[in-house]
file input-v4.cif (mmCIF, C-alpha atoms)
data_data
loop_
_atom_site.group_PDB
_atom_site.id
_atom_site.type_symbol
_atom_site.label_atom_id
_atom_site.label_comp_id
_atom_site.auth_asym_id
_atom_site.auth_seq_id
_atom_site.Cartn_x
_atom_site.Cartn_y
_atom_site.Cartn_z
ATOM 1 C CA MET A 12 8.127 -3.678 -3.244
ATOM 2 C CA THR A 13 9.720 -5.785 -5.854
ATOM 3 C CA GLY A 14 13.353 -6.578 -5.765
ATOM 4 C CA GLY A 15 16.354 -6.215 -7.962
ATOM 5 C CA GLY A 16 20.068 -6.632 -7.943
ATOM 6 C CA HIS A 17 21.100 -3.243 -9.282
ATOM 7 C CA ALA A 18 21.208 0.160 -7.681
ATOM 8 C CA ALA A 19 19.368 1.877 -10.494
ATOM 9 C CA GLY A 20 15.870 1.447 -11.831
ATOM 10 C CA ARG A 21 12.338 2.017 -10.648
ATOM 11 C CA HIS A 22 9.397 0.035 -9.437
ATOM 12 C CA ALA A 23 5.767 1.019 -9.591
ATOM 13 C CA TRP A 24 2.221 -0.202 -9.640
ATOM 14 C CA ARG A 25 0.055 0.557 -12.637
ATOM 15 C CA ARG A 26 -3.320 1.908 -11.653
ATOM 16 C CA PRO A 27 -6.425 2.673 -13.708
ATOM 17 C CA ARG A 28 -5.856 5.222 -16.464
ATOM 18 C CA HIS A 29 -8.879 7.177 -15.212
ATOM 19 C CA LEU A 30 -8.115 8.680 -11.819
ATOM 20 C CA LEU A 31 -10.373 7.987 -8.881
ATOM 21 C CA VAL A 32 -13.168 10.520 -8.537
ATOM 22 C CA ARG A 33 -15.517 11.267 -5.690
ATOM 23 C CA ALA A 34 -19.184 10.586 -6.319
ATOM 24 C CA ASN A 35 -21.756 11.111 -3.569
ATOM 25 C CA GLY A 36 -19.244 10.488 -0.818
ATOM 26 C CA THR A 37 -17.587 7.468 -2.398
ATOM 27 C CA TRP A 38 -14.687 6.952 -4.783
ATOM 28 C CA ARG A 39 -14.802 4.991 -7.966
ATOM 29 C CA GLY A 40 -12.396 4.061 -10.704
ATOM 30 C CA GLY A 41 -12.617 4.311 -14.476
ATOM 31 C CA THR A 42 -13.958 1.635 -16.774
ATOM 32 C CA VAL A 43 -10.556 0.078 -17.360
ATOM 33 C CA ILE A 44 -9.980 -0.837 -13.715
ATOM 34 C CA GLY A 45 -10.561 -4.543 -14.287
ATOM 35 C CA VAL A 46 -7.750 -4.950 -16.798
ATOM 36 C CA ILE A 47 -4.977 -3.016 -15.084
ATOM 37 C CA THR A 48 -2.050 -5.107 -13.902
ATOM 38 C CA LEU A 49 1.047 -4.584 -11.828
ATOM 39 C CA ALA A 50 3.948 -3.124 -13.790
ATOM 40 C CA VAL A 51 7.507 -3.735 -12.669
ATOM 41 C CA THR A 52 10.638 -2.373 -14.329
ATOM 42 C CA GLY A 53 13.292 -3.581 -11.942
ATOM 43 C CA VAL A 54 14.323 -1.887 -8.710
ATOM 44 C CA SER A 55 17.121 -2.638 -6.351
ATOM 45 C CA LEU A 56 15.308 -4.039 -3.353
ATOM 46 C CA ILE A 57 16.844 -7.420 -2.598
ATOM 47 C CA GLY A 58 18.198 -7.673 0.943
ATOM 48 C CA ALA A 59 21.818 -8.045 -0.115
ATOM 49 C CA GLY A 60 24.035 -8.525 2.887
ATOM 50 C CA TYR A 61 21.075 -9.341 5.133
ATOM 51 C CA GLY A 62 21.357 -13.052 4.482
ATOM 52 C CA THR A 63 17.807 -13.750 3.325
ATOM 53 C CA PRO A 64 16.417 -14.213 -0.195
ATOM 54 C CA GLY A 65 13.387 -12.083 0.576
ATOM 55 C CA PRO A 66 10.731 -11.315 3.186
ATOM 56 C CA PRO A 67 9.177 -13.987 5.421
ATOM 57 C CA PRO A 68 6.359 -16.007 3.810
ATOM 58 C CA VAL A 69 2.957 -14.361 3.790
ATOM 59 C CA VAL A 70 0.485 -16.013 6.140
ATOM 60 C CA GLU A 71 -2.648 -15.531 4.063
ATOM 61 C CA SER A 72 -5.721 -14.844 6.128
ATOM 62 C CA SER A 73 -9.120 -13.223 6.001
ATOM 63 C CA GLY A 74 -11.827 -12.368 8.459
ATOM 64 C CA THR A 75 -14.520 -9.877 9.394
ATOM 65 C CA ALA A 76 -12.515 -7.560 11.630
ATOM 66 C CA GLY A 77 -13.832 -4.032 11.583
ATOM 67 C CA MET A 78 -16.898 -4.873 9.510
ATOM 68 C CA SER A 79 -19.537 -4.800 12.240
ATOM 69 C CA GLY A 80 -21.362 -1.822 13.715
ATOM 70 C CA THR A 81 -21.588 1.644 12.210
ATOM 71 C CA ALA A 82 -19.283 2.974 9.520
ATOM 72 C CA PRO A 83 -17.328 5.946 10.931
ATOM 73 C CA GLN A 84 -15.833 8.478 8.568
ATOM 74 C CA ALA A 85 -13.580 11.498 8.948
ATOM 75 C CA PRO A 86 -13.104 14.680 6.927
ATOM 76 C CA ALA A 87 -10.187 14.841 4.518
ATOM 77 C CA SER A 88 -6.710 15.313 5.995
ATOM 78 C CA THR A 89 -3.329 14.215 4.629
ATOM 79 C CA PRO A 90 -1.698 11.265 6.470
ATOM 80 C CA VAL A 91 1.672 12.006 8.085
ATOM 81 C CA ARG A 92 2.507 8.855 10.059
ATOM 82 C CA LEU A 93 1.681 5.137 9.929
ATOM 83 C CA SER A 94 1.836 2.926 13.040
ATOM 84 C CA ILE A 95 1.505 -0.866 13.103
ATOM 85 C CA ASP A 96 2.394 -2.213 16.541
ATOM 86 C CA ALA A 97 2.084 -5.888 15.551
ATOM 87 C CA ILE A 98 5.095 -5.640 13.208
ATOM 88 C CA GLY A 99 6.936 -2.722 14.785
ATOM 89 C CA VAL A 100 6.236 -0.115 12.108
ATOM 90 C CA GLU A 101 6.475 3.606 12.883
ATOM 91 C CA ALA A 102 6.830 5.328 9.533
ATOM 92 C CA PRO A 103 6.549 8.845 8.168
ATOM 93 C CA VAL A 104 4.210 9.155 5.194
ATOM 94 C CA GLU A 105 5.070 10.981 1.982
ATOM 95 C CA ARG A 106 2.845 11.698 -1.003
ATOM 96 C CA VAL A 107 3.224 9.547 -4.101
ATOM 97 C CA ASP A 108 1.629 9.933 -7.515
ATOM 98 C CA VAL A 109 1.437 8.347 -10.941
ATOM 99 C CA ASP A 110 3.759 9.229 -13.797
ATOM 100 C CA ARG A 111 2.730 10.029 -17.380
ATOM 101 C CA ASP A 112 2.200 6.337 -18.104
ATOM 102 C CA GLY A 113 -0.176 5.857 -15.189
ATOM 103 C CA ILE A 114 2.456 4.043 -13.118
ATOM 104 C CA LEU A 115 2.312 4.608 -9.367
ATOM 105 C CA VAL A 116 5.773 5.770 -8.337
ATOM 106 C CA PRO A 117 6.944 4.322 -4.987
ATOM 107 C CA PRO A 118 8.685 6.168 -2.133
ATOM 108 C CA SER A 119 12.349 6.984 -2.603
ATOM 109 C CA LEU A 120 14.827 4.190 -1.900
ATOM 110 C CA ARG A 121 16.939 6.754 -0.069
ATOM 111 C CA GLU A 122 14.417 6.537 2.772
ATOM 112 C CA PRO A 123 13.311 2.870 2.918
ATOM 113 C CA SER A 124 11.683 3.454 6.309
ATOM 114 C CA GLN A 125 9.092 5.778 4.731
ATOM 115 C CA VAL A 126 5.786 4.825 3.139
ATOM 116 C CA GLY A 127 3.882 6.559 0.355
ATOM 117 C CA TRP A 128 0.222 7.567 0.261
ATOM 118 C CA TYR A 129 -1.407 7.730 -3.180
ATOM 119 C CA GLN A 130 -2.413 11.379 -3.170
ATOM 120 C CA ARG A 131 -5.137 11.206 -5.827
ATOM 121 C CA GLY A 132 -7.191 8.778 -3.752
ATOM 122 C CA PRO A 133 -9.085 9.416 -0.505
ATOM 123 C CA THR A 134 -7.200 10.263 2.658
ATOM 124 C CA PRO A 135 -7.307 7.610 5.413
ATOM 125 C CA GLY A 136 -10.599 8.135 7.210
ATOM 126 C CA GLU A 137 -12.623 9.270 4.206
ATOM 127 C CA ALA A 138 -14.998 6.884 2.471
ATOM 128 C CA GLY A 139 -13.159 4.791 -0.097
ATOM 129 C CA ASN A 140 -9.850 2.970 -0.406
ATOM 130 C CA ALA A 141 -6.828 4.893 0.865
ATOM 131 C CA VAL A 142 -3.688 3.332 -0.633
ATOM 132 C CA ILE A 143 -0.303 3.250 1.120
ATOM 133 C CA VAL A 144 2.740 1.553 -0.415
ATOM 134 C CA GLY A 145 6.187 0.745 0.939
ATOM 135 C CA HIS A 146 9.390 -1.123 0.111
ATOM 136 C CA VAL A 147 10.040 -4.615 1.455
ATOM 137 C CA ASP A 148 13.856 -4.617 1.448
ATOM 138 C CA THR A 149 16.901 -2.885 -0.003
ATOM 139 C CA VAL A 150 20.313 -3.699 -1.351
ATOM 140 C CA GLY A 151 22.971 -3.513 1.335
ATOM 141 C CA ARG A 152 20.647 -2.130 4.021
ATOM 142 C CA GLY A 153 18.424 -5.184 4.457
ATOM 143 C CA PRO A 154 14.733 -5.042 5.476
ATOM 144 C CA ALA A 155 12.644 -1.982 4.652
ATOM 145 C CA VAL A 156 9.480 -0.649 6.256
ATOM 146 C CA PHE A 157 7.087 -3.374 5.018
ATOM 147 C CA TYR A 158 9.411 -6.368 5.425
ATOM 148 C CA LEU A 159 7.007 -8.051 7.867
ATOM 149 C CA LEU A 160 3.745 -6.850 6.294
ATOM 150 C CA GLY A 161 2.726 -10.399 5.364
ATOM 151 C CA ARG A 162 2.745 -11.393 9.039
ATOM 152 C CA LEU A 163 -0.298 -9.258 9.872
ATOM 153 C CA LYS A 164 -3.547 -11.063 10.638
ATOM 154 C CA PRO A 165 -7.237 -10.128 10.958
ATOM 155 C CA GLY A 166 -7.896 -7.990 14.001
ATOM 156 C CA ASP A 167 -4.444 -6.356 14.098
ATOM 157 C CA GLY A 168 -4.602 -2.596 14.486
ATOM 158 C CA ILE A 169 -3.220 0.058 12.150
ATOM 159 C CA GLY A 170 -2.998 3.694 13.186
ATOM 160 C CA VAL A 171 -2.733 6.679 10.852
ATOM 161 C CA THR A 172 -1.882 10.112 12.227
ATOM 162 C CA ARG A 173 -3.117 12.929 10.018
ATOM 163 C CA ARG A 174 -1.998 16.493 9.394
ATOM 164 C CA ASP A 175 -4.993 17.924 11.288
ATOM 165 C CA GLY A 176 -3.741 16.160 14.446
ATOM 166 C CA SER A 177 -6.409 13.469 14.404
ATOM 167 C CA THR A 178 -5.790 9.714 14.472
ATOM 168 C CA VAL A 179 -7.650 7.120 12.447
ATOM 169 C CA THR A 180 -7.541 3.480 13.552
ATOM 170 C CA PHE A 181 -8.110 0.564 11.201
ATOM 171 C CA GLN A 182 -8.437 -3.184 11.792
ATOM 172 C CA VAL A 183 -6.958 -5.683 9.387
ATOM 173 C CA ASP A 184 -9.563 -7.683 7.458
ATOM 174 C CA GLY A 185 -7.257 -9.841 5.372
ATOM 175 C CA VAL A 186 -3.735 -10.466 4.095
ATOM 176 C CA ARG A 187 -3.022 -12.075 0.745
ATOM 177 C CA LEU A 188 -0.144 -12.609 -1.668
ATOM 178 C CA TYR A 189 -1.118 -12.004 -5.305
ATOM 179 C CA PRO A 190 0.909 -13.036 -8.362
ATOM 180 C CA LYS A 191 2.446 -10.019 -10.070
ATOM 181 C CA ARG A 192 0.356 -10.548 -13.199
ATOM 182 C CA ALA A 193 -2.861 -10.795 -11.211
ATOM 183 C CA PHE A 194 -2.601 -7.588 -9.194
ATOM 184 C CA PRO A 195 -6.096 -6.921 -7.715
ATOM 185 C CA ALA A 196 -6.700 -3.442 -9.134
ATOM 186 C CA SER A 197 -10.412 -3.483 -8.302
ATOM 187 C CA LEU A 198 -9.747 -4.425 -4.678
ATOM 188 C CA VAL A 199 -7.093 -1.738 -4.290
ATOM 189 C CA TYR A 200 -8.499 1.140 -6.353
ATOM 190 C CA GLY A 201 -12.167 0.234 -6.733
ATOM 191 C CA PRO A 202 -15.184 1.814 -5.029
ATOM 192 C CA ALA A 203 -15.907 1.428 -1.306
ATOM 193 C CA GLU A 204 -18.657 2.950 0.810
ATOM 194 C CA ARG A 205 -16.735 2.519 4.064
ATOM 195 C CA SER A 206 -13.373 3.979 4.970
ATOM 196 C CA GLN A 207 -10.844 1.359 3.890
ATOM 197 C CA LEU A 208 -7.050 1.101 3.897
ATOM 198 C CA ARG A 209 -4.874 -0.836 1.450
ATOM 199 C CA LEU A 210 -1.230 -1.514 2.309
ATOM 200 C CA ILE A 211 0.934 -2.890 -0.500
ATOM 201 C CA THR A 212 4.466 -4.191 -0.867
ATOM 202 C CA CYS A 213 6.304 -6.901 -2.812
ATOM 203 C CA GLY A 214 6.342 -10.535 -1.796
ATOM 204 C CA GLY A 215 6.769 -14.102 -2.891
ATOM 205 C CA THR A 216 10.017 -15.437 -4.293
ATOM 206 C CA PHE A 217 12.821 -13.269 -5.638
ATOM 207 C CA ASP A 218 14.099 -13.942 -9.147
ATOM 208 C CA ARG A 219 17.717 -12.843 -9.368
ATOM 209 C CA ALA A 220 17.707 -13.177 -13.155
ATOM 210 C CA THR A 221 14.929 -10.613 -13.609
ATOM 211 C CA SER A 222 15.552 -8.686 -10.358
ATOM 212 C CA THR A 223 11.893 -8.910 -9.346
ATOM 213 C CA TYR A 224 9.683 -10.560 -6.760
ATOM 214 C CA SER A 225 6.948 -12.876 -7.977
ATOM 215 C CA GLY A 226 4.031 -11.076 -6.392
ATOM 216 C CA ASN A 227 2.589 -8.440 -4.110
ATOM 217 C CA THR A 228 1.404 -8.608 -0.538
ATOM 218 C CA VAL A 229 -1.878 -6.730 -0.077
ATOM 219 C CA VAL A 230 -3.337 -5.960 3.341
ATOM 220 C CA THR A 231 -6.955 -4.826 3.528
ATOM 221 C CA ALA A 232 -8.272 -2.985 6.584
ATOM 222 C CA THR A 233 -11.408 -1.150 7.689
ATOM 223 C CA MET A 234 -11.659 2.000 9.795
ATOM 224 C CA VAL A 235 -12.979 1.510 13.330
ATOM 225 C CA THR A 236 -12.303 4.808 15.141
ATOM 226 C CA TRP A 237 -11.456 8.445 14.497
ATOM 227 C CA ARG A 238 -10.044 10.665 17.244
ATOM 228 C CA PRO A 239 -10.059 14.390 16.371
#
call {"tool": "encode", "arguments": {"input": "input-v4.cif", "output": "structure tokens"}}
result
Amino acid sequence: MTGGGHAAGRHAWRRPRHLLVRANGTWRGGTVIGVITLAVTGVSLIGAGYGTPGPPPVVESSGTAGMSGTAPQAPASTPVRLSIDAIGVEAPVERVDVDRDGILVPPSLREPSQVGWYQRGPTPGEAGNAVIVGHVDTVGRGPAVFYLLGRLKPGDGIGVTRRDGSTVTFQVDGVRLYPKRAFPASLVYGPAERSQLRLITCGGTFDRATSTYSGNTVVTATMVTWRP
């Protein structure tokens, strides 16, 4: 997520004021979804001591991976583990939620190897956009779980193990770096008929004066298999 040079503070993504609701098997956002932007209030996530000013550059890409054939879906079940072989991620999943201001609170910095699933959205495998967020780096401890997220490319696989013991597999459709002020709320929280996954972290250049990164890396992926 975004960076900062101090040990205190918080970072979060603002999401639509109206929570996602299920409607005939799909999820949809409130009417304000198009005007919501990313909100950053300064967190300590710069890789101090690691020797780099931030994560590797995002290799922006898009494709049609996972979009052909039928659209598999799975019943609801909370995600417990995220696996991304292409970038060496094996991460436990915790629940994350919004605060009173509608800001999505990220996973704790005490466990930078964890990711957070937005618990008011669909679970991975259900129809709609399941959202998982993670830190990019940390002060003193270097890279965090999503440090290499921007290196994913279309066709790469993402596995999500769920509490019911089943595994859902997604294929990456695209990877893009968005400016902080142009966070794609509709893409992340908007409606989707298929089972989709959105992975989000911070990216771009790090501004030491404001203790923030300039943007967000967003990975979009589509479900291809479900193994009960």
call {"tool": "closest_residue", "arguments": {"input": "input-v4.cif", "among": "A:Leu163, A:Leu210, A:Val70, A:Ile95", "to": "His146 (chain A)", "atoms": "only C-alpha atoms"}}
result
A:Leu210
call {"tool": "resolve_selection", "arguments": {"input": "input-v4.cif", "expression": "the PyMOL selection byres ((chain A and resi 204) around 6)", "output": "list in words"}}
result
Thr37, Ala138, Gly139, Ala203 and Arg205 of chain A
call {"tool": "atom_distance", "arguments": {"input": "input-v4.cif", "atom1": "CA of Val107 (chain A)", "atom2": "CA of Ser119 (chain A)"}}
result
9.6 Å
call {"tool": "closest_residue", "arguments": {"input": "input-v4.cif", "among": "A:Val144, A:Val116, A:Leu208, A:Ile169", "to": "Ser94 (chain A)", "atoms": "all atoms listed in the file"}}
result
A:Ile169
call {"tool": "resolve_selection", "arguments": {"input": "input-v4.cif", "expression": "the PyMOL selection byres ((chain A and resi 166) around 7)", "output": "JSON, numbers by chain"}}
result
{"A": [76, 164, 165, 167, 168, 182, 183, 184]}
call {"tool": "resolve_selection", "arguments": {"input": "input-v4.cif", "expression": "the PyMOL selection byres ((chain A and resi 160) around 10)", "output": "list of chain:residue names"}}
result
A:Pro66, A:Pro67, A:Pro68, A:Val69, A:Val70, A:Ile95, A:Ala97, A:Ile98, A:Gly99, A:Val100, A:Gly145, A:Val147, A:Val156, A:Phe157, A:Tyr158, A:Leu159, A:Gly161, A:Arg162, A:Leu163, A:Lys164, A:Val186, A:Leu210, A:Ile211, A:Thr212, A:Cys213, A:Gly214, A:Thr228, A:Val229, A:Val230
call {"tool": "residues_around", "arguments": {"input": "input-v4.cif", "residues": "Val179 (chain A)", "least_positions_apart": "4", "cutoff": "10 Å", "atoms": "only C-alpha atoms", "output": "list in words"}}
result
Pro83, Gln84, Ala85, Pro90, Leu93, Pro135, Gly136, Glu137, Ile169, Gly170, Val171, Thr172, Arg173, Ser206, Met234, Val235, Thr236, Trp237, Arg238 and Pro239 of chain A
call {"tool": "closest_residue", "arguments": {"input": "input-v4.cif", "among": "A:Arg121, A:Arg106, A:Arg111, A:Lys191", "to": "Ala155 (chain A)", "atoms": "only C-alpha atoms"}}
result
A:Arg121
call {"tool": "residues_near_point", "arguments": {"input": "input-v4.cif", "point": "(4.1, 7.8, -7.8)", "cutoff": "8 Å", "atoms": "only C-alpha atoms", "output": "number ranges by chain"}}
result
A: 23, 106-110, 114-118, 129
call {"tool": "closest_residue", "arguments": {"input": "input-v4.cif", "among": "A:Thr231, A:Val150, A:Asp96, A:Gly226", "to": "Phe194 (chain A)", "atoms": "all atoms listed in the file"}}
result
A:Gly226
call {"tool": "atom_distance", "arguments": {"input": "input-v4.cif", "atom1": "CA of Ala141 (chain A)", "atom2": "CA of Gly201 (chain A)"}}
result
10.4 Å
call {"tool": "atom_distance", "arguments": {"input": "input-v4.cif", "atom1": "CA of Gly127 (chain A)", "atom2": "CA of Gly215 (chain A)"}}
result
21.1 Å
call {"tool": "closest_residue", "arguments": {"input": "input-v4.cif", "among": "A:Val126, A:Asp112, A:Thr149, A:Val142", "to": "Ser222 (chain A)", "atoms": "all atoms listed in the file"}}
result
A:Thr149
